[in-house]
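What's in entry.cif: mmCIF, C-alpha atoms
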```
data_upload
loop_
_atom_site.label_atom_id
_atom_site.label_comp_id
_atom_site.auth_asym_id
_atom_site.auth_seq_id
_atom_site.Cartn_x
_atom_site.Cartn_y
_atom_site.Cartn_z
CA MET A 1 98.05 117.89 154.15
CA VAL A 2 98.39 116.19 150.78
CA VAL A 3 97.36 119.40 149.02
CA ILE A 4 99.91 121.45 150.98
CA ALA A 5 102.62 118.89 150.21
CA ILE A 6 101.80 118.97 146.50
CA VAL A 7 101.70 122.76 146.37
CA GLY A 8 105.08 122.79 148.20
CA ILE A 9 106.65 120.40 145.69
CA LEU A 10 105.22 122.47 142.81
CA ALA A 11 106.65 125.66 144.29
CA VAL A 12 110.09 124.08 144.85
CA THR A 13 110.12 122.70 141.30
CA ALA A 14 108.90 125.91 139.66
CA LEU A 15 112.10 127.95 140.16
CA PRO A 16 114.61 125.51 138.59
CA PHE A 17 112.03 124.83 135.89
CA TYR A 18 111.80 128.55 135.08
CA GLN A 19 115.59 128.85 135.05
CA THR A 20 115.93 125.89 132.70
CA TRP A 21 113.21 127.32 130.50
CA THR A 22 114.87 130.74 130.20
CA GLN A 23 118.23 129.03 129.66
CA ARG A 24 116.70 127.07 126.81
CA ALA A 25 115.04 130.10 125.25
CA TYR A 26 117.96 132.52 125.55
CA GLY A 27 120.60 129.85 124.86
CA SER A 28 119.07 129.10 121.51
CA GLN A 29 118.69 132.82 120.81
CA ALA A 30 122.39 133.32 121.62
CA ASN A 31 123.28 130.42 119.30
CA LEU A 32 121.33 131.97 116.45
CA MET A 33 122.83 135.40 117.04
CA MET A 34 126.36 133.96 117.17
CA LYS A 35 125.78 132.04 113.96
CA SER A 36 124.58 135.23 112.26
CA LEU A 37 127.64 137.12 113.54
CA MET A 38 130.02 134.41 112.35
CA ASP A 39 128.34 134.21 108.92
CA GLY A 40 128.42 137.99 108.73
CA GLN A 41 132.13 138.08 109.58
CA ILE A 42 132.93 135.45 106.93
CA MET A 43 130.94 137.34 104.30
CA TYR A 44 132.59 140.59 105.33
CA TYR A 45 136.04 139.01 105.09
CA LEU A 46 135.28 137.67 101.60
CA GLU A 47 134.21 141.14 100.44
CA ASN A 48 136.83 143.29 102.23
CA ASN A 49 139.71 140.91 102.94
CA ARG A 50 139.51 141.78 106.62
CA PHE A 51 137.26 141.22 109.60
CA TYR A 52 134.98 143.79 111.15
CA PRO A 53 135.80 146.03 113.07
CA LEU A 54 139.29 147.36 112.29
CA VAL A 55 142.16 145.97 114.36
CA GLY A 56 142.30 147.73 117.72
CA GLU A 57 138.76 149.13 117.40
CA ASP A 58 137.09 146.49 119.55
CA ILE A 59 133.34 146.65 119.83
CA PHE A 60 131.63 146.47 123.24
CA ILE A 61 127.86 146.47 123.41
CA PRO A 62 126.87 146.50 127.10
CA TYR A 63 123.54 145.50 128.63
CA GLU A 64 120.71 147.97 128.16
CA GLY A 65 120.94 150.61 130.89
CA ALA A 66 124.60 149.86 131.63
CA GLY A 67 126.10 152.42 129.29
CA SER A 68 126.25 153.04 125.58
CA PRO A 69 128.01 150.88 123.02
CA SER A 70 131.63 151.50 122.27
CA PRO A 71 132.14 153.00 119.74
CA ALA A 72 128.87 154.96 119.90
CA SER A 73 127.91 154.08 116.34
CA ALA A 74 128.64 150.36 116.84
CA LEU A 75 125.06 149.15 116.40
CA ASP A 76 124.50 151.01 113.12
CA ASP A 77 127.96 150.12 111.85
CA LEU A 78 127.42 146.44 112.63
CA GLU A 79 124.10 146.47 110.82
CA ARG A 80 125.71 148.08 107.81
CA ALA A 81 128.87 145.95 107.76
CA LEU A 82 127.65 142.50 108.81
CA LYS A 83 124.04 142.99 107.70
CA ILE A 84 122.61 141.84 111.02
CA LYS A 85 120.40 143.69 113.42
CA ILE A 86 121.75 143.89 116.97
CA SER A 87 120.15 145.99 119.65
CA GLN A 88 121.10 146.62 123.24
CA SER A 89 119.12 144.36 125.54
CA GLN A 90 119.03 143.45 129.20
CA ASN A 91 119.74 139.84 128.27
CA PHE A 92 122.90 139.98 126.16
CA ARG A 93 126.08 141.97 125.89
CA TYR A 94 128.54 141.55 123.03
CA THR A 95 132.26 141.87 122.51
CA ILE A 96 133.78 141.67 119.03
CA ILE A 97 137.56 141.73 118.67
CA ASN A 98 139.58 141.56 115.48
CA TYR A 99 142.97 139.91 116.00
CA ASP A 100 145.14 141.25 113.22
CA ASN A 101 142.63 140.07 110.60
CA GLU A 102 143.79 136.52 111.27
CA TYR A 103 141.10 135.73 113.80
CA CYS A 104 137.96 137.39 115.00
CA GLY A 105 136.58 136.59 118.43
CA VAL A 106 132.96 137.20 119.38
CA THR A 107 131.62 136.84 122.91
CA ILE A 108 127.98 136.93 123.91
CA GLU A 109 127.35 137.17 127.65
CA ALA A 110 124.14 136.96 129.65
CA PRO A 111 123.29 137.56 133.31
CA PHE A 112 122.03 133.97 133.54
CA ALA A 113 123.14 130.54 132.39
CA LEU A 114 122.84 130.10 128.63
CA PHE A 115 123.87 126.46 128.52
CA LYS A 116 123.95 123.43 130.73
CA GLY A 117 126.86 123.51 133.15
CA GLN A 118 127.17 127.31 133.32
CA PRO A 119 126.81 129.17 136.61
CA ARG A 120 123.27 130.29 137.37
CA ASP A 121 124.04 134.01 137.20
CA TYR A 122 126.43 134.17 134.25
CA GLY A 123 126.24 132.65 130.82
CA THR A 124 128.55 133.06 127.88
CA LEU A 125 129.05 131.89 124.34
CA VAL A 126 132.41 132.45 122.69
CA ALA A 127 133.29 131.79 119.08
CA VAL A 128 136.41 132.44 117.05
CA VAL A 129 136.47 132.60 113.27
CA THR A 130 139.70 132.36 111.29
CA LYS A 131 140.37 134.00 107.96
CA GLN A 132 140.02 130.54 106.41
CA GLY A 133 136.40 130.61 107.58
CA GLU A 134 136.80 128.02 110.33
CA VAL A 135 134.50 128.73 113.22
CA THR A 136 135.31 127.36 116.68
CA TYR A 137 132.72 127.54 119.41
CA VAL A 138 133.93 127.31 122.96
CA GLY A 139 132.01 124.95 125.15
CA PRO A 140 130.65 126.09 128.48
CA MET B 1 43.39 62.24 133.11
CA GLN B 2 41.53 64.04 135.90
CA CYS B 3 42.41 67.26 137.73
CA LYS B 4 44.20 66.58 141.04
CA ASN B 5 41.91 69.04 142.89
CA HIS B 6 38.71 68.30 140.98
CA PRO B 7 38.42 64.60 140.24
CA ASP B 8 35.23 65.28 138.29
CA ARG B 9 37.00 67.51 135.83
CA ARG B 10 39.30 66.62 133.02
CA ALA B 11 42.95 67.74 133.35
CA GLU B 12 43.96 70.22 130.66
CA HIS B 13 47.44 71.23 131.88
CA PHE B 14 50.33 69.97 134.01
CA CYS B 15 52.06 72.03 136.70
CA SER B 16 55.43 73.09 135.24
CA SER B 17 57.04 72.54 138.64
CA CYS B 18 55.45 69.50 140.36
CA ARG B 19 53.89 67.95 137.21
CA ILE B 20 50.44 67.33 138.73
CA PRO B 21 47.45 67.37 136.34
CA LEU B 22 45.30 70.51 136.56
CA CYS B 23 41.94 71.58 135.16
CA ALA B 24 41.52 74.96 133.48
CA ASP B 25 40.42 76.59 136.77
CA CYS B 26 43.32 75.24 138.84
CA ALA B 27 46.10 76.01 136.31
CA GLU B 28 47.74 79.40 136.93
CA GLU B 29 49.33 80.76 133.78
CA THR B 30 52.30 82.84 135.04
CA LYS B 31 53.84 83.34 131.61
CA PRO B 32 52.28 82.50 128.25
CA GLY B 33 52.28 78.68 127.93
CA GLU B 34 53.64 78.12 131.45
CA TYR B 35 51.14 76.73 133.97
CA TYR B 36 51.54 76.08 137.70
CA CYS B 37 49.36 74.69 140.47
CA PHE B 38 48.37 77.20 143.17
CA LYS B 39 51.20 76.19 145.55
CA CYS B 40 53.91 76.24 142.95
CA ALA B 41 52.59 79.50 141.50
CA MET B 42 52.93 81.07 144.96
CA LEU B 43 56.45 79.70 145.36
CA VAL B 44 57.48 80.92 141.93
CA SER B 45 56.09 84.40 142.62
CA VAL B 46 57.85 84.61 146.04
CA SER B 47 61.11 83.45 144.47
CA ALA B 48 60.71 86.07 141.70
CA VAL B 49 60.27 88.79 144.31
CA GLY B 50 63.39 87.49 146.14
CA THR B 51 65.35 87.58 142.92
CA SER B 52 64.24 91.12 142.19
CA ILE B 53 65.16 92.26 145.75
CA LYS B 54 68.55 90.60 145.34
CA GLY B 55 68.96 92.30 141.97
CA LYS B 56 68.08 95.67 143.47
CA ARG B 57 70.61 95.18 146.27
CA GLU B 58 73.29 94.28 143.74
CA LYS B 59 72.44 97.36 141.71
CA ILE B 60 72.69 99.55 144.80
CA ALA B 61 76.06 98.01 145.67
CA GLU B 62 77.28 98.56 142.09
CA HIS B 63 76.08 102.15 142.16
CA LYS B 64 77.89 102.73 145.45
CA ALA B 65 81.07 101.24 144.00
CA LYS B 66 80.69 103.52 140.97
CA GLU B 67 80.18 106.48 143.26
CA LYS B 68 83.36 105.52 145.05
CA LYS B 69 85.26 105.27 141.76
CA LYS B 70 83.93 108.63 140.54
CA LYS B 71 86.73 111.25 140.46
CA THR B 72 86.43 114.18 142.81
CA PRO B 73 88.16 117.56 142.19
CA PHE B 74 90.82 116.44 144.68
CA HIS B 75 91.61 113.43 142.50
CA TYR B 76 91.93 115.67 139.45
CA PHE B 77 94.16 118.09 141.39
CA VAL B 78 96.48 115.26 142.46
CA MET B 79 96.63 113.84 138.95
CA VAL B 80 97.27 117.18 137.21
CA SER B 81 99.87 118.20 139.83
CA SER B 82 101.70 114.89 139.50
CA VAL B 83 101.86 115.21 135.73
CA MET B 84 103.07 118.83 136.04
CA ILE B 85 105.78 117.88 138.54
CA LEU B 86 106.95 115.02 136.31
CA VAL B 87 107.04 117.24 133.21
CA MET B 88 108.88 120.02 135.05
CA TRP B 89 111.51 117.64 136.38
CA GLY B 90 111.88 116.18 132.91
CA VAL B 91 112.56 119.66 131.53
CA ILE B 92 114.94 120.48 134.41
CA LEU B 93 116.96 117.29 134.00
CA PHE B 94 116.95 116.83 130.25
CA GLY B 95 115.69 120.07 128.70
CA GLY B 96 118.62 122.46 129.27
CA GLN B 97 120.08 124.13 126.21
CA LYS B 98 123.18 122.33 125.06
CA ALA B 99 126.27 124.15 123.82
CA PRO B 100 126.61 124.44 120.02
CA ALA B 101 127.57 121.19 118.36
CA GLY B 102 131.30 120.72 118.03
CA ALA B 103 132.18 123.12 120.83
CA ALA B 104 135.91 123.17 121.34
CA ASP B 105 137.60 121.51 124.25
CA LEU B 106 139.74 124.35 125.57
CA GLY B 107 142.43 121.92 126.72
CA ASN B 108 143.09 120.97 123.09
CA GLN B 109 142.62 124.44 121.64
CA PRO B 110 145.15 126.68 123.43
CA ARG B 111 144.83 129.44 120.82
CA VAL B 112 141.08 129.59 121.32
CA LEU B 113 141.72 129.71 125.06
CA LEU B 114 144.11 132.59 124.45
CA PHE B 115 141.50 134.57 122.54
CA MET B 116 138.90 133.79 125.15
CA VAL B 117 141.14 135.05 127.95
CA ASP B 118 142.09 138.11 125.93
CA GLY B 119 138.42 138.90 125.31
CA ALA B 120 137.82 138.60 129.07
CA LEU B 121 140.76 140.94 129.80
CA LYS B 122 139.44 143.50 127.34
CA ARG B 123 135.95 143.30 128.81
CA PHE B 124 137.46 143.65 132.30
CA ALA B 125 139.32 146.76 131.21
CA HIS B 126 136.29 148.19 129.40
CA TYR B 127 133.81 147.71 132.23
CA GLU B 128 136.18 148.27 135.20
CA GLY B 129 137.66 151.60 134.14
CA ASN B 130 140.67 150.62 132.03
CA LYS B 131 142.25 148.50 134.74
CA TYR B 132 143.72 145.09 134.24
CA PRO B 133 143.49 142.29 136.78
CA PHE B 134 146.51 141.30 138.88
CA GLN B 135 146.06 137.69 137.90
CA LEU B 136 143.85 135.83 135.45
CA VAL B 137 141.88 134.14 138.23
CA ASP B 138 140.39 137.58 139.02
CA LEU B 139 138.50 137.35 135.74
CA ILE B 140 136.50 134.37 137.03
CA PRO B 141 133.53 134.17 136.98
CA LYS B 142 132.33 137.62 135.92
CA TYR B 143 134.39 137.87 132.74
CA LEU B 144 135.70 134.37 132.22
CA PRO B 145 133.26 131.54 132.91
CA LEU B 146 135.63 128.73 133.74
CA ARG B 147 134.47 125.89 135.95
CA LYS B 148 136.50 125.04 139.01
CA GLU B 149 137.93 121.98 137.32
CA ASP B 150 138.97 124.08 134.30
CA ILE B 151 140.81 126.80 136.22
CA SER B 152 144.07 124.88 135.76
CA LEU B 153 143.74 125.63 132.02
CA LEU B 154 144.95 129.14 132.80
CA ASP B 155 148.40 127.63 133.37
CA LYS B 156 148.60 127.25 129.59
CA VAL B 157 148.58 131.03 129.23
CA ASN B 158 151.27 133.52 130.26
CA TYR B 159 149.88 136.78 131.56
CA THR B 160 151.98 139.72 132.62
CA ARG B 161 150.90 143.24 133.42
CA ASP B 162 152.98 145.70 131.47
CA PRO B 163 152.74 149.39 132.42
CA SER B 164 153.73 150.51 128.91
CA VAL B 165 151.05 148.59 126.98
CA GLY B 166 148.71 147.25 129.67
CA TYR B 167 149.36 143.54 129.54
CA ARG B 168 150.97 140.78 127.50
CA LEU B 169 149.30 137.50 126.91
CA SER B 170 150.86 134.50 125.22
CA LEU B 171 150.80 130.73 125.21
CA ALA B 172 152.93 129.22 127.96
CA LYS B 173 153.89 126.20 125.92
CA PRO B 174 153.31 126.71 122.21
CA LYS B 175 153.63 123.65 120.01
CA PRO B 176 157.20 123.22 118.77
CA GLY B 177 157.46 124.74 115.32
CA ASP B 178 154.34 126.90 115.76
CA MET B 179 154.46 130.67 115.95
CA ASN B 180 153.65 132.02 119.37
CA ILE B 181 151.04 134.71 119.55
CA ILE B 182 151.62 137.59 121.91
CA ILE B 183 148.52 139.65 122.46
CA SER B 184 148.50 143.06 124.07
CA PRO B 185 146.00 145.94 123.93
CA LYS B 186 148.18 147.36 121.13
CA GLY B 187 147.55 144.34 118.92
CA VAL B 188 148.84 140.91 118.05
CA ARG B 189 152.47 140.04 117.55
CA TYR B 190 153.82 136.76 116.21
CA GLU B 191 157.07 135.35 117.41
CA THR B 192 158.87 132.53 115.70
CA LEU B 193 160.03 129.96 118.16
CA PRO B 194 163.25 128.03 117.92
CA GLY B 195 162.70 124.96 115.78
CA GLY B 196 161.24 126.64 112.70
CA GLY B 197 157.69 127.77 112.15
CA SER B 198 155.57 129.23 109.41
#
```

Write-out of the structure in structure tokens:
Amino acid sequence: MVVIAIVGILAVTALPFYQTWTQRAYGSQANLMMKSLMDGQIMYYLENNRFYPLVGEDIFIPYEGAGSPSPASALDDLERALKIKISQSQNFRYTIINYDNEYCGVTIEAPFALFKGQPRDYGTLVAVVTKQGEVTYVGP
Amino acid sequence: MQCKNHPDRRAEHFCSSCRIPLCADCAEETKPGEYYCFKCAMLVSVSAVGTSIKGKREKIAEHKAKEKKKKTPFHYFVMVSSVMILVMWGVILFGGQKAPAGAADLGNQPRVLLFMVDGALKRFAHYEGNKYPFQLVDLIPKYLPLRKEDISLLDKVNYTRDPSVGYRLSLAKPKPGDMNIIISPKGVRYETLPGGGS
């Protein structure tokens, strides 16, 4: 009986433990990726006096298997412009929007919580960088 | 002094227990230098046997107690499982990834909220076939991860569907003197509000 009870408690604990563990792993990965994107945007602005991409040419990189990036050359262009390697994955999708070269908003989404307090099946990290180089992260 | 048992013989030792004088034949040397009369020697030997039996019993009892204390695989299973459960709950309760340091409070950063909502609208349009939602609440939770208690923040944003451009998004109550930002799929437009502005 005691063994069954213990195995039951272990099984019940394992699922939230796994979710927290993935949240921790992917949350920190999303943080790093966002930091690289923000640094890349600041560097790009300093060199070109504008953010990447051009105004109105928003970049959407969907999950792997859910379509191709828009525009099609977005991954290569990002690597060339911001000097960071982004690939399509089943864990993250990206949106990069240039607001009139005054602000640039980057959103990283995941099909699971990335941070504490986010719903179990949807996580997001949003950051906005201004042309003065101020980066604002949006809390979950 | 004469031997107690042999009055014709000279006593050479005393019984270590009852102190009677003993000749060399009567004195029993149990340990080197320790002599006893026959009776006392018997008593001492019986008592020694009793002590050794008692000692053996104590040893057996100790051994049994040790056996009882010895850990069985079940004990190890319980211990390891308990530690695992404690560690897992520790990770669940305190190990979640925290948001980046200095994350903005959307209530105090209406412009950031505006960009966040606009990003959600653009994602909605991109992934839902160039449609725009009827109201901003439709973006939650798939495109805009606002908690229930934060949904009221959407009141700070004006959203109208516009057939010519798609939609218009602006701050409902911009700070006096600030320029209002009007975002549409066509781009960003700035509008100077009454009361000045940069």

Would you mind listing, as a PDB file with C-alpha atoms, in the coordinates of the input, all residues of chain A that have at least one atom within 6 Å of chain B, where only C-alpha atoms are what counts?
```pdb
ATOM      1  CA  PHE A  17     112.030 124.830 135.890  1.00  0.00           C
ATOM      2  CA  THR A  20     115.930 125.890 132.700  1.00  0.00           C
ATOM      3  CA  ARG A  24     116.700 127.070 126.810  1.00  0.00           C
ATOM      4  CA  GLY A  27     120.600 129.850 124.860  1.00  0.00           C
ATOM      5  CA  PHE A 115     123.870 126.460 128.520  1.00  0.00           C
ATOM      6  CA  LYS A 116     123.950 123.430 130.730  1.00  0.00           C
ATOM      7  CA  TYR A 137     132.720 127.540 119.410  1.00  0.00           C
ATOM      8  CA  VAL A 138     133.930 127.310 122.960  1.00  0.00           C
ATOM      9  CA  GLY A 139     132.010 124.950 125.150  1.00  0.00           C
TER      10      GLY A 139
END
```

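If you look at atom CA of B:Ala125 and atom CA of A:Lys35, they are 26.4 Å away from each other.
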
Which distance in Å separates atom CA of A:Thr107 and atom CA of A:Asn49, to one decimal?
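Taking atom CA of A:Thr107 as the start and atom CA of A:Asn49 as the end point, the length is 21.9 Å.
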
Could you tell me which residues the PyMOL selection byres ((chain A and resi 135) around 12) grabs in this file, written as a VMD selection string?
(chain A and resid 34 to 42 103 to 106 126 to 134 136 to 138) or (chain B and resid 100 to 104 112)

Could you state which residues are captured by the PyMOL selection byres ((chain A and resi 87) around 9) in this file, as a short mmCIF file (atom, residue, chain, number, x, y, z; two decimals) with C-alpha atoms, in the frame of the given file?
```
data_model
loop_
_atom_site.label_atom_id
_atom_site.label_comp_id
_atom_site.auth_asym_id
_atom_site.auth_seq_id
_atom_site.Cartn_x
_atom_site.Cartn_y
_atom_site.Cartn_z
CA ILE A 61 127.86 146.47 123.41
CA GLU A 64 120.71 147.97 128.16
CA LEU A 75 125.06 149.15 116.40
CA LYS A 85 120.40 143.69 113.42
CA ILE A 86 121.75 143.89 116.97
CA GLN A 88 121.10 146.62 123.24
CA SER A 89 119.12 144.36 125.54
#
```

How would you write, as an mmCIF file with C-alpha atoms, keeping the file's coordinate frame, the residues chosen by the PyMOL selection byres ((chain B and resi 22) around 8) on this structure?
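What ended up in result_38.cif:
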```cif
data_model
loop_
_atom_site.group_PDB
_atom_site.id
_atom_site.type_symbol
_atom_site.label_atom_id
_atom_site.label_comp_id
_atom_site.auth_asym_id
_atom_site.auth_seq_id
_atom_site.Cartn_x
_atom_site.Cartn_y
_atom_site.Cartn_z
ATOM 1 C CA GLN B 2 41.530 64.040 135.900
ATOM 2 C CA CYS B 3 42.410 67.260 137.730
ATOM 3 C CA LYS B 4 44.200 66.580 141.040
ATOM 4 C CA ASN B 5 41.910 69.040 142.890
ATOM 5 C CA ARG B 10 39.300 66.620 133.020
ATOM 6 C CA ALA B 11 42.950 67.740 133.350
ATOM 7 C CA GLU B 12 43.960 70.220 130.660
ATOM 8 C CA HIS B 13 47.440 71.230 131.880
ATOM 9 C CA PHE B 14 50.330 69.970 134.010
ATOM 10 C CA CYS B 15 52.060 72.030 136.700
ATOM 11 C CA ILE B 20 50.440 67.330 138.730
ATOM 12 C CA PRO B 21 47.450 67.370 136.340
ATOM 13 C CA CYS B 23 41.940 71.580 135.160
ATOM 14 C CA ALA B 24 41.520 74.960 133.480
ATOM 15 C CA ASP B 25 40.420 76.590 136.770
ATOM 16 C CA CYS B 26 43.320 75.240 138.840
ATOM 17 C CA ALA B 27 46.100 76.010 136.310
ATOM 18 C CA CYS B 37 49.360 74.690 140.470
#
```

Distance of atom CA of B:Glu67 from atom CA of B:Lys54, expressed in Å to one decimal place:
19.8 Å

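You can rank A:Gln118, A:Ser28, A:Asn101, A:Thr95 by their closest distance to A:Leu78 using only C-alpha atoms, and at the top of that list sits A:Thr95.
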
Taking only C-alpha atoms into account, which of B:His75, B:Ile181, B:Pro176, B:Asp8 comes nearest A:Val2?
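Under the stated criterion, the closest residue is B:His75.
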
Neighbours of A:Leu54 within 9 Å (all atoms listed in the file; same-chain residues fewer than 6 positions away dropped), as a list in words?
Ile97, Asn98, Asp100 and Asn101 of chain A

Rank B:Ile60, B:Asn130, B:Met42, B:Ile182 by their smallest atom-to-atom distance to A:Tyr99, using only C-alpha atoms, and report the top residue only.
B:Ile182

Could you pull the residues within 7 Å of B:Leu169, counting only C-alpha atoms, minus those fewer than 2 positions along the same chain, as a ChimeraX atom specification?
/B:157-160,167,182-184

Extract, using only C-alpha atoms, all DNA, RNA and protein residues at most 9 Å from B:Glu34, discarding same-chain residues fewer than 3 positions from it, and format them as a ChimeraX atom specification.
/B:15-16,28-31

Kindly save the residues from that selection, with C-alpha atoms included, as a PDB file, keeping the file's coordinate frame.
```pdb
ATOM      1  CA  CYS B  15      52.060  72.030 136.700  1.00  0.00           C
ATOM      2  CA  SER B  16      55.430  73.090 135.240  1.00  0.00           C
ATOM      3  CA  GLU B  28      47.740  79.400 136.930  1.00  0.00           C
ATOM      4  CA  GLU B  29      49.330  80.760 133.780  1.00  0.00           C
ATOM      5  CA  THR B  30      52.300  82.840 135.040  1.00  0.00           C
ATOM      6  CA  LYS B  31      53.840  83.340 131.610  1.00  0.00           C
TER       7      LYS B  31
END
```

Would you list the contacts of B:Cys40 as a PyMOL selection string, taking every protein, DNA or RNA residue within 8 Å and counting all atoms listed in the file, but skipping same-chain residues closer than 3 positions in sequence?
chain B and resi 15+17-18+36-37+43-44

Residue rebuild result stretch 99-121 of chain A, N, CA and C atoms as a short mmCIF file (atom, residue, chain, number, x, y, z; two decimals), in the coordinates of the input:
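Resulting contents of result_10.cif:
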```cif
data_model
loop_
_atom_site.label_atom_id
_atom_site.label_comp_id
_atom_site.auth_asym_id
_atom_site.auth_seq_id
_atom_site.Cartn_x
_atom_site.Cartn_y
_atom_site.Cartn_z
N TYR A 99 141.56 140.18 115.69
CA TYR A 99 142.97 139.91 116.00
C TYR A 99 143.77 139.92 114.71
N ASP A 100 144.20 141.11 114.33
CA ASP A 100 145.14 141.25 113.22
C ASP A 100 144.59 140.66 111.91
N ASN A 101 143.30 140.65 111.77
CA ASN A 101 142.63 140.07 110.60
C ASN A 101 142.94 138.60 110.36
N GLU A 102 143.54 137.97 111.36
CA GLU A 102 143.79 136.52 111.27
C GLU A 102 142.63 135.78 111.93
N TYR A 103 142.20 136.32 113.04
CA TYR A 103 141.10 135.73 113.80
C TYR A 103 140.15 136.84 114.20
N CYS A 104 138.91 136.43 114.43
CA CYS A 104 137.96 137.39 115.00
C CYS A 104 137.21 136.66 116.12
N GLY A 105 137.23 137.23 117.29
CA GLY A 105 136.58 136.59 118.43
C GLY A 105 135.31 137.34 118.80
N VAL A 106 134.23 136.59 118.98
CA VAL A 106 132.96 137.20 119.38
C VAL A 106 132.51 136.54 120.68
N THR A 107 132.12 137.37 121.64
CA THR A 107 131.62 136.84 122.91
C THR A 107 130.23 137.39 123.17
N ILE A 108 129.32 136.51 123.49
CA ILE A 108 127.98 136.93 123.91
C ILE A 108 127.84 136.51 125.37
N GLU A 109 127.51 137.47 126.21
CA GLU A 109 127.35 137.17 127.65
C GLU A 109 125.91 137.45 128.08
N ALA A 110 125.50 136.76 129.11
CA ALA A 110 124.14 136.96 129.65
C ALA A 110 124.20 136.91 131.17
N PRO A 111 123.27 137.60 131.84
CA PRO A 111 123.29 137.56 133.31
C PRO A 111 122.63 136.31 133.87
N PHE A 112 122.57 135.25 133.09
CA PHE A 112 122.03 133.97 133.54
C PHE A 112 122.68 132.88 132.70
N ALA A 113 122.52 131.64 133.13
CA ALA A 113 123.14 130.54 132.39
C ALA A 113 122.51 130.44 131.00
N LEU A 114 123.36 130.28 129.99
CA LEU A 114 122.84 130.10 128.63
C LEU A 114 122.83 128.63 128.25
N PHE A 115 123.76 127.87 128.86
CA PHE A 115 123.87 126.46 128.52
C PHE A 115 124.02 125.64 129.79
N LYS A 116 123.77 124.36 129.61
CA LYS A 116 123.95 123.43 130.73
C LYS A 116 125.37 123.54 131.27
N GLY A 117 125.53 123.53 132.56
CA GLY A 117 126.86 123.51 133.15
C GLY A 117 127.42 124.90 133.43
N GLN A 118 126.68 125.95 133.03
CA GLN A 118 127.17 127.31 133.32
C GLN A 118 126.62 127.76 134.67
N PRO A 119 127.33 128.68 135.33
CA PRO A 119 126.81 129.17 136.61
C PRO A 119 125.45 129.84 136.40
N ARG A 120 124.65 129.83 137.48
CA ARG A 120 123.27 130.29 137.37
C ARG A 120 123.17 131.77 136.98
N ASP A 121 124.17 132.56 137.40
CA ASP A 121 124.04 134.01 137.20
C ASP A 121 124.96 134.55 136.11
#
```
